[in-house]
>>> print(open('input_11.txt').read())   # compact mmCIF, C-alpha atoms and all ligand atoms
# COMPACT_ATOMS: atom_id res chain seq x y z
CA MET E 1 -85.76 -31.66 -21.01
CA SER E 2 -87.50 -34.99 -20.51
CA LYS E 3 -85.86 -38.23 -19.46
CA ILE E 4 -86.35 -39.59 -22.98
CA ASP E 5 -84.65 -36.52 -24.49
CA LEU E 6 -81.64 -37.02 -22.28
CA LEU E 7 -81.51 -40.72 -22.94
CA VAL E 8 -81.66 -40.28 -26.70
CA LYS E 9 -79.11 -37.48 -26.68
CA GLY E 10 -76.74 -39.69 -24.69
CA LEU E 11 -77.18 -42.59 -27.11
CA VAL E 12 -76.72 -40.34 -30.15
CA GLU E 13 -73.55 -38.96 -28.63
CA GLN E 14 -72.31 -42.46 -28.01
CA HIS E 15 -73.10 -43.83 -31.48
CA GLY E 16 -72.73 -40.70 -33.62
CA LYS E 17 -75.27 -38.55 -35.40
CA THR E 18 -75.58 -40.62 -38.58
CA ARG E 19 -78.20 -42.79 -40.25
CA ASN E 20 -76.16 -45.86 -39.22
CA SER E 21 -76.77 -45.07 -35.59
CA LEU E 22 -80.51 -45.62 -35.88
CA MET E 23 -80.45 -49.30 -34.95
CA PRO E 24 -77.99 -49.05 -32.03
CA VAL E 25 -79.87 -46.03 -30.66
CA LEU E 26 -83.22 -47.85 -30.85
CA GLN E 27 -81.70 -50.94 -29.28
CA GLY E 28 -80.18 -48.86 -26.50
CA LEU E 29 -83.57 -47.32 -25.84
CA VAL E 30 -85.30 -50.69 -25.63
CA GLN E 31 -82.61 -51.95 -23.28
CA GLN E 32 -83.08 -49.04 -20.94
CA GLU E 33 -86.80 -48.35 -21.29
CA ARG E 34 -87.93 -51.88 -22.18
CA PHE E 35 -90.31 -50.30 -24.67
CA LEU E 36 -90.14 -47.99 -27.67
CA SER E 37 -92.72 -45.33 -27.10
CA GLU E 38 -93.97 -43.07 -29.86
CA GLU E 39 -92.48 -40.12 -28.02
CA ALA E 40 -89.07 -41.83 -27.97
CA MET E 41 -89.23 -42.57 -31.70
CA LEU E 42 -90.03 -38.95 -32.48
CA VAL E 43 -87.09 -37.75 -30.39
CA VAL E 44 -84.81 -40.18 -32.21
CA ALA E 45 -86.07 -38.89 -35.57
CA ARG E 46 -85.37 -35.32 -34.50
CA GLU E 47 -81.94 -36.05 -33.07
CA LEU E 48 -80.78 -38.06 -36.08
CA ASP E 49 -82.45 -35.77 -38.65
CA LEU E 50 -84.55 -38.61 -40.03
CA ALA E 51 -88.18 -38.75 -41.11
CA ALA E 52 -90.45 -40.15 -38.42
CA ALA E 53 -91.64 -42.70 -41.00
CA GLU E 54 -88.14 -44.06 -41.30
CA VAL E 55 -87.81 -44.53 -37.56
CA TYR E 56 -91.25 -46.15 -37.25
CA GLY E 57 -90.46 -48.34 -40.23
CA THR E 58 -87.19 -49.57 -38.82
CA ALA E 59 -88.70 -50.17 -35.41
CA SER E 60 -91.63 -52.16 -36.76
CA PHE E 61 -89.45 -54.13 -39.17
CA TYR E 62 -87.23 -55.37 -36.39
CA THR E 63 -89.86 -56.90 -34.19
CA PHE E 64 -87.38 -57.53 -31.39
CA LEU E 65 -87.39 -53.79 -30.82
CA ASP E 66 -90.93 -54.01 -29.51
CA THR E 67 -91.63 -55.41 -26.09
CA VAL E 68 -95.36 -55.58 -26.69
CA PRO E 69 -96.37 -58.68 -28.63
CA ARG E 70 -97.02 -57.54 -32.18
CA GLY E 71 -98.23 -59.02 -35.43
CA LYS E 72 -96.01 -59.87 -38.35
CA ASN E 73 -97.20 -56.76 -40.20
CA ILE E 74 -97.54 -53.47 -38.40
CA VAL E 75 -100.10 -51.13 -39.90
CA ARG E 76 -99.91 -47.52 -38.77
CA VAL E 77 -102.54 -45.11 -39.99
CA CYS E 78 -101.61 -41.44 -39.68
CA LYS E 79 -103.95 -39.76 -37.22
CA THR E 80 -102.58 -36.22 -37.48
CA ILE E 81 -104.69 -33.27 -38.57
CA THR E 82 -104.29 -33.31 -42.38
CA CYS E 83 -104.91 -37.03 -42.69
CA HIS E 84 -107.66 -36.73 -40.10
CA MET E 85 -109.43 -34.13 -42.25
CA LYS E 86 -108.90 -36.19 -45.36
CA GLY E 87 -110.82 -39.12 -43.89
CA LYS E 88 -108.41 -41.25 -41.86
CA GLU E 89 -111.37 -42.37 -39.72
CA ASP E 90 -112.92 -44.19 -42.70
CA ILE E 91 -109.59 -45.84 -43.40
CA VAL E 92 -109.24 -47.01 -39.81
CA ASN E 93 -112.84 -48.31 -39.79
CA ALA E 94 -112.33 -50.19 -43.04
CA ILE E 95 -109.17 -51.86 -41.75
CA GLU E 96 -110.75 -52.65 -38.37
CA ASN E 97 -113.67 -54.33 -40.13
CA THR E 98 -111.44 -56.26 -42.49
CA LEU E 99 -109.11 -57.53 -39.77
CA LYS E 100 -111.85 -57.79 -37.13
CA ILE E 101 -109.74 -56.00 -34.54
CA ARG E 102 -109.72 -52.55 -32.99
CA THR E 103 -106.85 -50.10 -33.20
CA GLY E 104 -104.06 -51.20 -30.84
CA GLU E 105 -104.92 -54.88 -31.22
CA THR E 106 -103.28 -57.82 -32.99
CA THR E 107 -105.16 -60.39 -35.06
CA HIS E 108 -105.50 -63.93 -33.67
CA ASP E 109 -103.23 -65.35 -36.36
CA LYS E 110 -100.63 -62.73 -35.34
CA LYS E 111 -100.39 -61.45 -38.90
CA PHE E 112 -101.42 -57.85 -38.25
CA THR E 113 -101.24 -55.22 -35.57
CA LEU E 114 -103.19 -52.04 -36.22
CA LEU E 115 -101.89 -48.79 -34.75
CA THR E 116 -102.15 -45.10 -35.41
CA ALA E 117 -99.17 -42.80 -35.79
CA ASN E 118 -98.38 -39.12 -35.76
CA CYS E 119 -97.71 -37.27 -39.00
CA LEU E 120 -95.63 -39.42 -41.33
CA GLY E 121 -94.54 -36.46 -43.45
CA TRP E 122 -96.85 -37.26 -46.38
CA CYS E 123 -99.64 -34.80 -45.57
CA HIS E 124 -99.90 -33.65 -49.21
CA LYS E 125 -100.92 -37.18 -50.14
CA GLY E 126 -103.11 -38.03 -47.17
CA PRO E 127 -104.64 -40.07 -45.86
CA VAL E 128 -101.60 -42.30 -45.58
CA MET E 129 -100.61 -45.44 -43.76
CA LEU E 130 -97.38 -47.24 -43.15
CA VAL E 131 -97.25 -51.03 -43.42
CA ASN E 132 -93.95 -52.10 -41.88
CA ASP E 133 -91.61 -49.68 -43.65
CA GLU E 134 -93.72 -49.09 -46.75
CA ILE E 135 -95.73 -45.88 -47.17
CA TYR E 136 -99.17 -46.01 -48.83
CA PRO E 137 -100.45 -42.55 -49.81
CA ASP E 138 -103.75 -41.29 -51.27
CA LEU E 139 -105.79 -43.95 -49.51
CA THR E 140 -109.45 -44.69 -49.89
CA PRO E 141 -111.14 -47.30 -47.67
CA GLN E 142 -111.28 -49.67 -50.66
CA LYS E 143 -107.61 -49.16 -51.45
CA ALA E 144 -106.63 -49.75 -47.82
CA ILE E 145 -108.57 -53.03 -47.74
CA GLU E 146 -106.91 -54.22 -50.95
CA ILE E 147 -103.46 -53.46 -49.55
CA ILE E 148 -104.22 -55.33 -46.33
CA GLU E 149 -105.56 -58.30 -48.30
CA GLU E 150 -102.42 -58.33 -50.39
CA TYR E 151 -100.27 -58.58 -47.25
CA ALA E 152 -102.54 -61.32 -45.91
CA THR E 153 -101.96 -63.41 -49.04
CA LEU E 154 -98.25 -62.61 -49.25
CA ASN E 155 -97.66 -63.88 -45.76
CA GLY E 156 -99.84 -66.90 -46.27
CA HIS E 157 -97.07 -68.73 -48.14
S1 LIG O 201 -100.88 -35.43 -41.30
FE1 LIG O 201 -100.77 -37.45 -42.07
S2 LIG O 201 -98.87 -37.52 -43.02
FE2 LIG O 201 -98.93 -35.56 -42.17
>>> encode(input="input_11.txt", output="structure tokens")
Amino acid sequence: MSKIDLLVKGLVEQHGKTRNSLMPVLQGLVQQERFLSEEAMLVVARELDLAAAEVYGTASFYTFLDTVPRGKNIVRVCKTITCHMKGKEDIVNAIENTLKIRTGETTHDKKFTLLTANCLGWCHKGPVMLVNDEIYPDLTPQKAIEIIEEYATLNGH
């Protein structure tokens, strides 16, 4: 069992195995690890019986849970096999070109961070992406660009 497994199990024991424990468990992890790794989020999802998307969504919504400087909107494109085969690469390229950043980077105006994620549980509607805690299924490059542009305008006010 890895260190993360043990840590998460301990926190879940302490806070209880319910949906309400998600925040305290994530906070406990950040306190001890100083960073929420993807591995840690997946362990939390498993231990609390939650969808990975829900854990990612919560973590990216509460920006204080991240120790890495992030943009206001966190875009996570699923990189797992089904979405990969359904053209996630074109989606990533389209977003990279629109935001003028590479995956893993944050735009200069700090509005967007682009990341990839493991399976978000929406394989039947791939390719999918998560923007903050919102899932966007059945993407095409054009659709992805429109969604990103919508967020850019929304946050402009
Ligand atoms: S492979 Fe992308 S949501 Fe499952």
>>> residues_near_ligand(input="input_11.txt", ligand="ligand LIG 201 (chain O)", cutoff="9 Å", atoms="all atoms listed in the file", output="count of residues only")
25
>>> closest_residue(input="input_11.txt", among="E:Leu7, E:Val12, E:Leu48, E:Thr18", to="Glu33 in chain E", atoms="all atoms listed in the file")
E:Leu7
>>> residues_near_point(input="input_11.txt", point="(-108.6, -49.6, -44.8)", cutoff="7 Å", atoms="all atoms listed in the file", output="count of residues only")
10
>>> closest_residue(input="input_11.txt", among="E:Met23, E:Leu99, E:Leu36, E:Leu130", to="Phe112 in chain E", atoms="only C-alpha atoms")
E:Leu99
>>> atom_distance(input="input_11.txt", atom1="CA of Thr107 in chain E", atom2="CA of Gly28 in chain E")
28.8 Å
>>> closest_residue(input="input_11.txt", among="E:Asn97, E:Thr116, E:Thr106, E:Asn73", to="Val131 in chain E", atoms="all atoms listed in the file")
E:Asn73
>>> closest_residue(input="input_11.txt", among="E:Ile74, E:Ala152, E:Leu22, E:Val8", to="Phe61 in chain E", atoms="only C-alpha atoms")
E:Ile74
>>> closest_residue(input="input_11.txt", among="E:Leu115, E:Met1, E:Ile147, E:Leu11", to="Tyr56 in chain E", atoms="all atoms listed in the file")
E:Leu115
>>> atom_distance(input="input_11.txt", atom1="CA of Pro24 in chain E", atom2="CA of Lys3 in chain E")
18.4 Å
>>> atom_distance(input="input_11.txt", atom1="CA of Gln31 in chain E", atom2="CA of Ala45 in chain E")
18.3 Å
>>> closest_residue(input="input_11.txt", among="E:Asp49, E:Ile4, E:Glu146, E:Glu39", to="Thr98 in chain E", atoms="only C-alpha atoms")
E:Glu146
>>> residues_around(input="input_11.txt", residues="Met41 in chain E", least_positions_apart="5", cutoff="9 Å", atoms="only C-alpha atoms", output="PyMOL selection string")
chain E and resi 26+36+46+52+55-56+59
>>> axis_aligned_box(input="input_11.txt", around="range 106-110 of chain E", padding_each_side="4 Å", output="lines of an AutoDock Vina configuration file")
center_x = -103.1
center_y = -61.6
center_z = -34.7
size_x = 12.9
size_y = 15.5
size_z = 11.4
